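Visitor: Take a look at the following structure, please.
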Amino acid sequence: MRSALTHLECSDCGRQHDADRLQNLCECGGPLLARYDLASVTSTPEEVGRRPRGIWRWAELLPVHDPDRRRTLGEGETPLLTVPSVGVPGLVVKDEGLNPTGSFKARGAAVGAARAAELGATHVALPTNGNAGAAWAAYGRRHGLGVTVAVPASAPAVTRQEALVTGGEVNVVDGLIGDAGRLVGRAAAARGWFDVSTLKEPYRVEGKKTMGLEIAEQLGWRAPEVVVYPTGGGVGLIGIAKAFDELRELGWLTGPRTRFVAAQSTGCAPVVRAFEQGESDVVPFPDPETVAYGITVAGPLGARQVLRALRSGGGTAVAVDDADALATRDECAAVDGLLLSPEGAVAVHAARVLAERGWIESDERVVVLGTGSPLIQPELLPVPHGLVARDGELA
């Protein structure tokens with residue numbers, strides 16, 4: 001189970017970089033991606049399937065060399081769940097809210113923290129809308145790293161509390177995640193911290209890539225026709241697309257080329273706007289505001305990579321009103337017993353809209369990512385009012 005990692009490659013200019021030292025962006029400003037000698041991978045899907053469960057059973061396709069650094073809190077192996085109420089026969093939701101710290105961010109932090117520690121980092125810093133900070137605080141402590149997070153004051157309180165209790169140094173910022181990012185950049189440069197902001201280091205995306213590896217295995221090594229992803233920074237979408245490309249090169253994945261869908265809120269839809277206008281990058285979205293706080297990213301660094309993934313496979317981008325997303329969330333909970341996070345509800349509603357338009361056909365397999373737990377934002381859940389039980393009887 002040796003990692004097949006060979007080098008890093010700029011996703012914009014293609015320049016190669018050394019994978020064996022801490023790296024941030026390419027000189028051109030483009031995010032770096034891990035590349036592997038896939039011809040050297042001799043394991044088979046069947047062999048991988050017999051290994052102990054968890055993301056590290058994919059070790060050849062992950063960037064961590066030292067087995068002692070493949071530490072876990074139980075991340076990965078999330079289920080695909082049917083949601084009949086949505087009315088899309090082939091639709092399943094991959095429920096990432098079952099991960100440690102309550103979101104898919106656990107995958108990225110598990111691999112990112114492991115690789116940072118392996119390469120000699122002692123302290124990492126990142127801006128966060130909440131979930132990533134909670135995850136990096138937990139996995140950073142697992143590897144003995146100091147972790148500083150900068151989080152907007154409007155972010156969910158639960159995630160700030162998670163980061164604090166697991167030893168993170170939590171800085172609350174009066175502003176948005178972009179403001180938090182600028183503060184992190186200055187502090188990291190001044191204090192010698194390793195900046196692990198979204199796509200400013202190469203390995204968070206590798207952890208999120210494991211969602212794609214699992215989806216392929218769960219669907220019998222045949223690619224789904226459609227993947228719908230609630231898109232903020234877009235790292236998960238980039239990672240799943242990367243996983244599918246690598247699996248095809250290995251000869252493990254068959255089926256159609258997947259069409260990716262970036263689902264965003266109408267209150268923060270920079271990728272949707274750029275996609276519809278035929279642009280190759282986004283213009284920061286003015287005054288972003290949505291209940292789907294995890295995807296409130298006005299100007300994602302990875303937007304160019306997301307837009308390329310959408311267009312290369314014939315995908316699309318859809319913006320959803322908060323009210324529609326929450327109505328779909330309530331329907332899925334009441335009818336199917338599946339309570340979605342606001343971000344997951346945005347993606348499920350986007351799939352419903354595309355099916356109604358005929359863009360998704362009834363015989364197509366559709367995977368929607370439910371990226372976090374609904375309990376991260378309890379304030380968005382209904383609260384029972386008044387007395388129910390009277391005179392010793394239930395209503």
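Each chain of the structure tokens is named A, B, ... in the order shown, its residues numbered from 1; ligands are numbered from 1 in display order.
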Can you pull out every residue within 12 Å of A:Asp363, counting only C-alpha atoms, but drop anything in the same chain fewer than 6 positions away, and send it as a ChimeraX atom specification?

Guide: /A:88-91,224-226,355

Visitor: For the residues in the current selection, export all heavy atoms as a short mmCIF file (atom, residue, chain, number, x, y, z; two decimals), in the first residue's frame.

Guide:
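The resulting file, part_0.cif, is reproduced below:
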data_model
loop_
_atom_site.label_atom_id
_atom_site.label_comp_id
_atom_site.auth_asym_id
_atom_site.auth_seq_id
_atom_site.Cartn_x
_atom_site.Cartn_y
_atom_site.Cartn_z
N VAL A 88 -37.18 11.79 -8.63
CA VAL A 88 -36.14 11.48 -9.61
C VAL A 88 -35.73 10.04 -9.37
O VAL A 88 -35.01 9.75 -8.41
CB VAL A 88 -34.93 12.43 -9.48
CG1 VAL A 88 -33.90 12.14 -10.57
CG2 VAL A 88 -35.38 13.89 -9.54
N PRO A 89 -36.20 9.09 -10.19
CA PRO A 89 -36.06 7.66 -9.86
C PRO A 89 -34.65 7.20 -9.57
O PRO A 89 -34.43 6.38 -8.68
CB PRO A 89 -36.62 6.97 -11.11
CG PRO A 89 -37.56 7.96 -11.72
CD PRO A 89 -36.96 9.31 -11.44
N GLY A 90 -33.66 7.70 -10.30
CA GLY A 90 -32.30 7.22 -10.13
C GLY A 90 -31.47 8.01 -9.15
O GLY A 90 -30.25 7.87 -9.11
N LEU A 91 -32.10 8.86 -8.32
CA LEU A 91 -31.35 9.76 -7.45
C LEU A 91 -31.03 9.12 -6.11
O LEU A 91 -31.90 8.51 -5.47
CB LEU A 91 -32.14 11.05 -7.23
CG LEU A 91 -31.46 12.16 -6.42
CD1 LEU A 91 -31.88 13.53 -6.93
CD2 LEU A 91 -31.78 12.07 -4.92
N PRO A 224 -21.80 7.31 -12.50
CA PRO A 224 -23.15 7.85 -12.60
C PRO A 224 -23.24 8.84 -13.75
O PRO A 224 -22.23 9.46 -14.13
CB PRO A 224 -23.34 8.56 -11.26
CG PRO A 224 -21.95 8.97 -10.87
CD PRO A 224 -21.05 7.87 -11.36
N GLU A 225 -24.42 8.96 -14.30
CA GLU A 225 -24.60 9.95 -15.38
C GLU A 225 -24.42 11.38 -14.87
O GLU A 225 -23.91 12.25 -15.58
CB GLU A 225 -25.98 9.80 -16.02
CG GLU A 225 -26.09 8.70 -17.07
CD GLU A 225 -26.22 7.30 -16.45
OE1 GLU A 225 -26.37 7.20 -15.20
OE2 GLU A 225 -26.18 6.31 -17.21
N VAL A 226 -24.87 11.63 -13.62
CA VAL A 226 -24.89 12.99 -13.09
C VAL A 226 -24.42 12.98 -11.64
O VAL A 226 -24.78 12.10 -10.86
CB VAL A 226 -26.32 13.60 -13.15
CG1 VAL A 226 -26.34 15.00 -12.54
CG2 VAL A 226 -26.82 13.63 -14.59
N ALA A 355 -34.49 17.69 -13.43
CA ALA A 355 -35.34 16.58 -13.88
C ALA A 355 -36.64 17.11 -14.48
O ALA A 355 -37.12 16.60 -15.51
CB ALA A 355 -35.63 15.64 -12.72
#

Visitor: List every residue of stretch 161-200 of chain A that DSSP, applied to the backbone, labels as alpha helix (DSSP H), and write the result as a PyMOL selection string.

Guide: chain A and resi 161-165+177-191

Visitor: Can you write just those residues out, N, CA, C and O atoms, as a PDB file, in the first residue's frame?

Guide:
ATOM      1  N   GLN A 161     -17.452  26.238  18.202  1.00  0.00           N
ATOM      2  CA  GLN A 161     -17.299  25.521  19.466  1.00  0.00           C
ATOM      3  C   GLN A 161     -16.530  24.216  19.262  1.00  0.00           C
ATOM      4  O   GLN A 161     -15.678  23.843  20.083  1.00  0.00           O
ATOM      5  N   GLU A 162     -16.819  23.520  18.160  1.00  0.00           N
ATOM      6  CA  GLU A 162     -16.081  22.289  17.841  1.00  0.00           C
ATOM      7  C   GLU A 162     -14.589  22.567  17.720  1.00  0.00           C
ATOM      8  O   GLU A 162     -13.754  21.839  18.267  1.00  0.00           O
ATOM      9  N   ALA A 163     -14.255  23.597  16.950  1.00  0.00           N
ATOM     10  CA  ALA A 163     -12.839  23.918  16.727  1.00  0.00           C
ATOM     11  C   ALA A 163     -12.161  24.283  18.040  1.00  0.00           C
ATOM     12  O   ALA A 163     -11.016  23.899  18.292  1.00  0.00           O
ATOM     13  N   LEU A 164     -12.863  25.016  18.890  1.00  0.00           N
ATOM     14  CA  LEU A 164     -12.282  25.461  20.151  1.00  0.00           C
ATOM     15  C   LEU A 164     -12.019  24.282  21.088  1.00  0.00           C
ATOM     16  O   LEU A 164     -10.949  24.165  21.684  1.00  0.00           O
ATOM     17  N   VAL A 165     -12.990  23.372  21.195  1.00  0.00           N
ATOM     18  CA  VAL A 165     -12.872  22.291  22.169  1.00  0.00           C
ATOM     19  C   VAL A 165     -11.811  21.273  21.761  1.00  0.00           C
ATOM     20  O   VAL A 165     -11.248  20.574  22.609  1.00  0.00           O
ATOM     21  N   ILE A 177     -15.785  35.245   4.581  1.00  0.00           N
ATOM     22  CA  ILE A 177     -14.652  34.330   4.541  1.00  0.00           C
ATOM     23  C   ILE A 177     -13.478  34.917   3.756  1.00  0.00           C
ATOM     24  O   ILE A 177     -12.317  34.643   4.065  1.00  0.00           O
ATOM     25  N   GLY A 178     -13.757  35.763   2.768  1.00  0.00           N
ATOM     26  CA  GLY A 178     -12.666  36.422   2.046  1.00  0.00           C
ATOM     27  C   GLY A 178     -11.847  37.328   2.961  1.00  0.00           C
ATOM     28  O   GLY A 178     -10.613  37.388   2.859  1.00  0.00           O
ATOM     29  N   ASP A 179     -12.539  38.023   3.863  1.00  0.00           N
ATOM     30  CA  ASP A 179     -11.840  38.865   4.842  1.00  0.00           C
ATOM     31  C   ASP A 179     -11.001  37.997   5.779  1.00  0.00           C
ATOM     32  O   ASP A 179      -9.856  38.334   6.102  1.00  0.00           O
ATOM     33  N   ALA A 180     -11.588  36.862   6.215  1.00  0.00           N
ATOM     34  CA  ALA A 180     -10.849  35.935   7.073  1.00  0.00           C
ATOM     35  C   ALA A 180      -9.612  35.399   6.354  1.00  0.00           C
ATOM     36  O   ALA A 180      -8.540  35.243   6.952  1.00  0.00           O
ATOM     37  N   GLY A 181      -9.756  35.126   5.052  1.00  0.00           N
ATOM     38  CA  GLY A 181      -8.637  34.610   4.272  1.00  0.00           C
ATOM     39  C   GLY A 181      -7.479  35.590   4.190  1.00  0.00           C
ATOM     40  O   GLY A 181      -6.307  35.192   4.252  1.00  0.00           O
ATOM     41  N   ARG A 182      -7.793  36.859   4.041  1.00  0.00           N
ATOM     42  CA  ARG A 182      -6.723  37.865   3.976  1.00  0.00           C
ATOM     43  C   ARG A 182      -5.975  37.955   5.317  1.00  0.00           C
ATOM     44  O   ARG A 182      -4.747  38.100   5.342  1.00  0.00           O
ATOM     45  N   LEU A 183      -6.699  37.846   6.413  1.00  0.00           N
ATOM     46  CA  LEU A 183      -6.053  37.872   7.725  1.00  0.00           C
ATOM     47  C   LEU A 183      -5.156  36.654   7.917  1.00  0.00           C
ATOM     48  O   LEU A 183      -4.047  36.758   8.438  1.00  0.00           O
ATOM     49  N   VAL A 184      -5.629  35.497   7.484  1.00  0.00           N
ATOM     50  CA  VAL A 184      -4.834  34.272   7.596  1.00  0.00           C
ATOM     51  C   VAL A 184      -3.566  34.382   6.762  1.00  0.00           C
ATOM     52  O   VAL A 184      -2.470  34.018   7.206  1.00  0.00           O
ATOM     53  N   GLY A 185      -3.696  34.888   5.546  1.00  0.00           N
ATOM     54  CA  GLY A 185      -2.535  35.017   4.670  1.00  0.00           C
ATOM     55  C   GLY A 185      -1.444  35.876   5.285  1.00  0.00           C
ATOM     56  O   GLY A 185      -0.254  35.525   5.246  1.00  0.00           O
ATOM     57  N   ARG A 186      -1.850  37.000   5.880  1.00  0.00           N
ATOM     58  CA  ARG A 186      -0.867  37.890   6.493  1.00  0.00           C
ATOM     59  C   ARG A 186      -0.226  37.236   7.719  1.00  0.00           C
ATOM     60  O   ARG A 186       0.997  37.300   7.906  1.00  0.00           O
ATOM     61  N   ALA A 187      -1.050  36.607   8.547  1.00  0.00           N
ATOM     62  CA  ALA A 187      -0.515  35.999   9.762  1.00  0.00           C
ATOM     63  C   ALA A 187       0.395  34.819   9.444  1.00  0.00           C
ATOM     64  O   ALA A 187       1.457  34.650  10.072  1.00  0.00           O
ATOM     65  N   ALA A 188       0.009  33.989   8.477  1.00  0.00           N
ATOM     66  CA  ALA A 188       0.832  32.836   8.121  1.00  0.00           C
ATOM     67  C   ALA A 188       2.192  33.278   7.602  1.00  0.00           C
ATOM     68  O   ALA A 188       3.231  32.693   7.960  1.00  0.00           O
ATOM     69  N   ALA A 189       2.217  34.307   6.771  1.00  0.00           N
ATOM     70  CA  ALA A 189       3.483  34.795   6.231  1.00  0.00           C
ATOM     71  C   ALA A 189       4.365  35.375   7.330  1.00  0.00           C
ATOM     72  O   ALA A 189       5.589  35.186   7.335  1.00  0.00           O
ATOM     73  N   ALA A 190       3.752  36.065   8.279  1.00  0.00           N
ATOM     74  CA  ALA A 190       4.529  36.721   9.327  1.00  0.00           C
ATOM     75  C   ALA A 190       5.043  35.738  10.378  1.00  0.00           C
ATOM     76  O   ALA A 190       6.121  35.943  10.945  1.00  0.00           O
ATOM     77  N   ARG A 191       4.282  34.651  10.621  1.00  0.00           N
ATOM     78  CA  ARG A 191       4.595  33.767  11.739  1.00  0.00           C
ATOM     79  C   ARG A 191       5.126  32.400  11.311  1.00  0.00           C
ATOM     80  O   ARG A 191       5.385  31.550  12.153  1.00  0.00           O
TER      81      ARG A 191
END

Visitor: What's around A:Pro63 at 8 Å? Count only C-alpha atoms, leave out sequence neighbours fewer than 2 positions away in its own chain, and write the answer as number ranges by chain.

Guide: A: 3-5, 34, 59-61, 65, 111, 115, 203, 206

Visitor: Just how far from atom CA of A:Ser85 is atom CA of A:Asp330, in Å to one decimal?

Guide: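 Between these atoms lies a distance of 10.7 Å.
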
Visitor: Measuring atom to atom with only C-alpha atoms, identify which of A:Arg160, A:Arg352, A:Arg107, A:Arg142 is nearest to A:Val235.

Guide: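 Between A:Arg160, A:Arg352, A:Arg107, A:Arg142, the residue approaching A:Val235 most closely is A:Arg107.
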
Visitor: Excluding A:Ala117 and residues on its chain fewer than 6 positions from it, collect all residues at most 10 Å away from it, counting only C-alpha atoms, and give them as a list of chain:residue names.

Guide: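 After dropping sequence-adjacent residues, the list is A:Leu22, A:Val64, A:Arg69, A:Val111, A:His123, A:Val124, A:Gly140, A:His143, A:Gly144, A:Leu145.
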
Visitor: Got a sec: who's within 12 Å of stretch 272-280 of chain A, counting only C-alpha atoms, leaving out chain neighbours fewer than 3 positions off, as an MDAnalysis selection string?

Guide: chainID A and resid 12 230:232 261:269 283:286 298:300 302:311 314:320 350

Visitor: May I have a table of the residues of stretch 144-223 of chain A lying at most 12 Å from stretch 35-46 of chain A, giving each one's closest pair of atoms and their distance in Å to one decimal, counting only C-alpha atoms, ordered by chain and ascending residue number, as CSV?

Guide:
residue,atom,partner,partner_atom,distance
A:Pro202,CA,A:Arg35,CA,10.1
A:Tyr203,CA,A:Arg35,CA,10.8
A:Val205,CA,A:Arg35,CA,12.0
A:Glu206,CA,A:Arg35,CA,10.1
A:Leu213,CA,A:Pro45,CA,10.3
A:Glu214,CA,A:Pro45,CA,11.0
A:Ala216,CA,A:Pro45,CA,10.1
A:Glu217,CA,A:Pro45,CA,7.9
A:Gln218,CA,A:Pro45,CA,11.4
A:Gly220,CA,A:Pro45,CA,10.0
A:Trp221,CA,A:Pro45,CA,8.6

Visitor: May I have the selected residues written with N, CA and C atoms, as a short mmCIF file (atom, residue, chain, number, x, y, z; two decimals), in the first residue's frame?

Guide:
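What landed in out33.cif:
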data_model
loop_
_atom_site.label_atom_id
_atom_site.label_comp_id
_atom_site.auth_asym_id
_atom_site.auth_seq_id
_atom_site.Cartn_x
_atom_site.Cartn_y
_atom_site.Cartn_z
N PRO A 202 -2.12 21.52 -1.76
CA PRO A 202 -2.57 20.54 -2.75
C PRO A 202 -3.32 19.32 -2.21
N TYR A 203 -3.44 19.16 -0.90
CA TYR A 203 -3.80 17.84 -0.39
C TYR A 203 -5.20 17.73 0.19
N VAL A 205 -7.86 18.52 -1.38
CA VAL A 205 -8.65 17.98 -2.48
C VAL A 205 -8.47 16.47 -2.59
N GLU A 206 -7.30 15.95 -2.20
CA GLU A 206 -7.07 14.51 -2.28
C GLU A 206 -7.95 13.76 -1.27
N LEU A 213 -14.03 8.10 -5.19
CA LEU A 213 -13.59 6.70 -5.17
C LEU A 213 -14.68 5.81 -4.58
N GLU A 214 -15.29 6.27 -3.50
CA GLU A 214 -16.36 5.48 -2.87
C GLU A 214 -17.60 5.40 -3.76
N ALA A 216 -17.77 5.45 -6.97
CA ALA A 216 -17.49 4.48 -8.04
C ALA A 216 -17.66 3.06 -7.54
N GLU A 217 -17.10 2.76 -6.39
CA GLU A 217 -17.21 1.41 -5.83
C GLU A 217 -18.66 1.08 -5.48
N GLN A 218 -19.37 2.02 -4.86
CA GLN A 218 -20.74 1.78 -4.44
C GLN A 218 -21.67 1.53 -5.63
N GLY A 220 -20.83 -0.08 -8.32
CA GLY A 220 -20.35 -1.23 -9.08
C GLY A 220 -19.35 -0.88 -10.16
N TRP A 221 -18.57 0.20 -9.93
CA TRP A 221 -17.51 0.63 -10.85
C TRP A 221 -18.05 1.09 -12.20
#

Visitor: Which of these residues is nearest to A:Ala113, using only C-alpha atoms: A:Pro382, A:Gly133, A:Gly234, A:Gly370?

Guide: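 Closest residue, counting only C-alpha atoms: A:Gly133.
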
Visitor: Write out as a ChimeraX atom specification each polymer residue whose atoms come within 10 Å of A:Ala125, counting only C-alpha atoms; drop sequence neighbours fewer than 4 positions from it.

Guide: /A:133,136-137,146-150,168-169,181,184-185,187-188,193-197

Visitor: List every residue of stretch 92-138 of chain A that DSSP, applied to the backbone, labels as strand (DSSP E or B), and write the result as a PDB file with all heavy atoms, in the first residue's frame.

Guide:
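Output contents, as saved in selection_11.pdb:
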ATOM      1  N   VAL A  92     -29.779   9.282  -5.670  1.00  0.00           N
ATOM      2  CA  VAL A  92     -29.366   8.909  -4.319  1.00  0.00           C
ATOM      3  C   VAL A  92     -28.568  10.057  -3.721  1.00  0.00           C
ATOM      4  O   VAL A  92     -27.934  10.836  -4.442  1.00  0.00           O
ATOM      5  CB  VAL A  92     -28.512   7.617  -4.294  1.00  0.00           C
ATOM      6  CG1 VAL A  92     -29.360   6.405  -4.666  1.00  0.00           C
ATOM      7  CG2 VAL A  92     -27.293   7.732  -5.204  1.00  0.00           C
ATOM      8  N   VAL A  93     -28.607  10.149  -2.403  1.00  0.00           N
ATOM      9  CA  VAL A  93     -27.851  11.169  -1.678  1.00  0.00           C
ATOM     10  C   VAL A  93     -26.716  10.489  -0.925  1.00  0.00           C
ATOM     11  O   VAL A  93     -26.942   9.526  -0.185  1.00  0.00           O
ATOM     12  CB  VAL A  93     -28.750  11.930  -0.685  1.00  0.00           C
ATOM     13  CG1 VAL A  93     -27.916  12.857   0.199  1.00  0.00           C
ATOM     14  CG2 VAL A  93     -29.809  12.737  -1.424  1.00  0.00           C
ATOM     15  N   LYS A  94     -25.505  10.961  -1.115  1.00  0.00           N
ATOM     16  CA  LYS A  94     -24.371  10.489  -0.328  1.00  0.00           C
ATOM     17  C   LYS A  94     -24.301  11.361   0.922  1.00  0.00           C
ATOM     18  O   LYS A  94     -24.010  12.558   0.841  1.00  0.00           O
ATOM     19  CB  LYS A  94     -23.068  10.550  -1.123  1.00  0.00           C
ATOM     20  CG  LYS A  94     -21.896   9.837  -0.413  1.00  0.00           C
ATOM     21  CD  LYS A  94     -20.765   9.539  -1.363  1.00  0.00           C
ATOM     22  CE  LYS A  94     -19.573   8.904  -0.684  1.00  0.00           C
ATOM     23  NZ  LYS A  94     -19.873   7.582  -0.061  1.00  0.00           N
ATOM     24  N   ASP A  95     -24.583  10.755   2.080  1.00  0.00           N
ATOM     25  CA  ASP A  95     -24.778  11.513   3.310  1.00  0.00           C
ATOM     26  C   ASP A  95     -23.461  11.721   4.039  1.00  0.00           C
ATOM     27  O   ASP A  95     -23.043  10.910   4.869  1.00  0.00           O
ATOM     28  CB  ASP A  95     -25.782  10.781   4.213  1.00  0.00           C
ATOM     29  CG  ASP A  95     -26.158  11.610   5.429  1.00  0.00           C
ATOM     30  OD1 ASP A  95     -25.659  12.751   5.544  1.00  0.00           O
ATOM     31  OD2 ASP A  95     -26.952  11.127   6.254  1.00  0.00           O
ATOM     32  N   SER A 103     -19.223  16.769   8.783  1.00  0.00           N
ATOM     33  CA  SER A 103     -19.266  17.150   7.368  1.00  0.00           C
ATOM     34  C   SER A 103     -18.171  16.453   6.569  1.00  0.00           C
ATOM     35  O   SER A 103     -17.256  15.838   7.125  1.00  0.00           O
ATOM     36  CB  SER A 103     -19.120  18.671   7.205  1.00  0.00           C
ATOM     37  OG  SER A 103     -17.763  19.067   7.263  1.00  0.00           O
ATOM     38  N   HIS A 123       2.497  24.114  12.481  1.00  0.00           N
ATOM     39  CA  HIS A 123       1.321  24.943  12.764  1.00  0.00           C
ATOM     40  C   HIS A 123       0.665  25.286  11.430  1.00  0.00           C
ATOM     41  O   HIS A 123       1.337  25.704  10.490  1.00  0.00           O
ATOM     42  CB  HIS A 123       1.729  26.224  13.495  1.00  0.00           C
ATOM     43  CG  HIS A 123       0.586  26.945  14.149  1.00  0.00           C
ATOM     44  ND1 HIS A 123       0.452  27.035  15.521  1.00  0.00           N
ATOM     45  CD2 HIS A 123      -0.494  27.585  13.634  1.00  0.00           C
ATOM     46  CE1 HIS A 123      -0.645  27.712  15.821  1.00  0.00           C
ATOM     47  NE2 HIS A 123      -1.234  28.061  14.681  1.00  0.00           N
ATOM     48  N   VAL A 124      -0.659  25.105  11.345  1.00  0.00           N
ATOM     49  CA  VAL A 124      -1.393  25.427  10.124  1.00  0.00           C
ATOM     50  C   VAL A 124      -2.453  26.466  10.442  1.00  0.00           C
ATOM     51  O   VAL A 124      -2.881  26.619  11.594  1.00  0.00           O
ATOM     52  CB  VAL A 124      -2.048  24.173   9.498  1.00  0.00           C
ATOM     53  CG1 VAL A 124      -0.998  23.139   9.133  1.00  0.00           C
ATOM     54  CG2 VAL A 124      -3.108  23.573  10.417  1.00  0.00           C
ATOM     55  N   ALA A 125      -2.872  27.186   9.409  1.00  0.00           N
ATOM     56  CA  ALA A 125      -3.885  28.225   9.583  1.00  0.00           C
ATOM     57  C   ALA A 125      -4.807  28.233   8.374  1.00  0.00           C
ATOM     58  O   ALA A 125      -4.377  27.944   7.248  1.00  0.00           O
ATOM     59  CB  ALA A 125      -3.228  29.589   9.753  1.00  0.00           C
ATOM     60  N   LEU A 126      -6.070  28.572   8.617  1.00  0.00           N
ATOM     61  CA  LEU A 126      -7.041  28.606   7.516  1.00  0.00           C
ATOM     62  C   LEU A 126      -8.223  29.489   7.873  1.00  0.00           C
ATOM     63  O   LEU A 126      -8.599  29.605   9.039  1.00  0.00           O
ATOM     64  CB  LEU A 126      -7.549  27.200   7.195  1.00  0.00           C
ATOM     65  CG  LEU A 126      -8.456  26.506   8.218  1.00  0.00           C
ATOM     66  CD1 LEU A 126      -9.353  25.481   7.512  1.00  0.00           C
ATOM     67  CD2 LEU A 126      -7.651  25.812   9.314  1.00  0.00           C
ATOM     68  N   PRO A 127      -8.835  30.118   6.850  1.00  0.00           N
ATOM     69  CA  PRO A 127     -10.143  30.741   7.027  1.00  0.00           C
ATOM     70  C   PRO A 127     -11.215  29.667   6.842  1.00  0.00           C
ATOM     71  O   PRO A 127     -10.979  28.657   6.176  1.00  0.00           O
ATOM     72  CB  PRO A 127     -10.192  31.755   5.884  1.00  0.00           C
ATOM     73  CG  PRO A 127      -9.390  31.092   4.796  1.00  0.00           C
ATOM     74  CD  PRO A 127      -8.312  30.296   5.496  1.00  0.00           C
TER      75      PRO A 127
END

Visitor: Enter the distance from atom CA of A:Ala333 to atom CA of A:Glu289, in Å, rounded to one decimal.

Guide: 24.3 Å
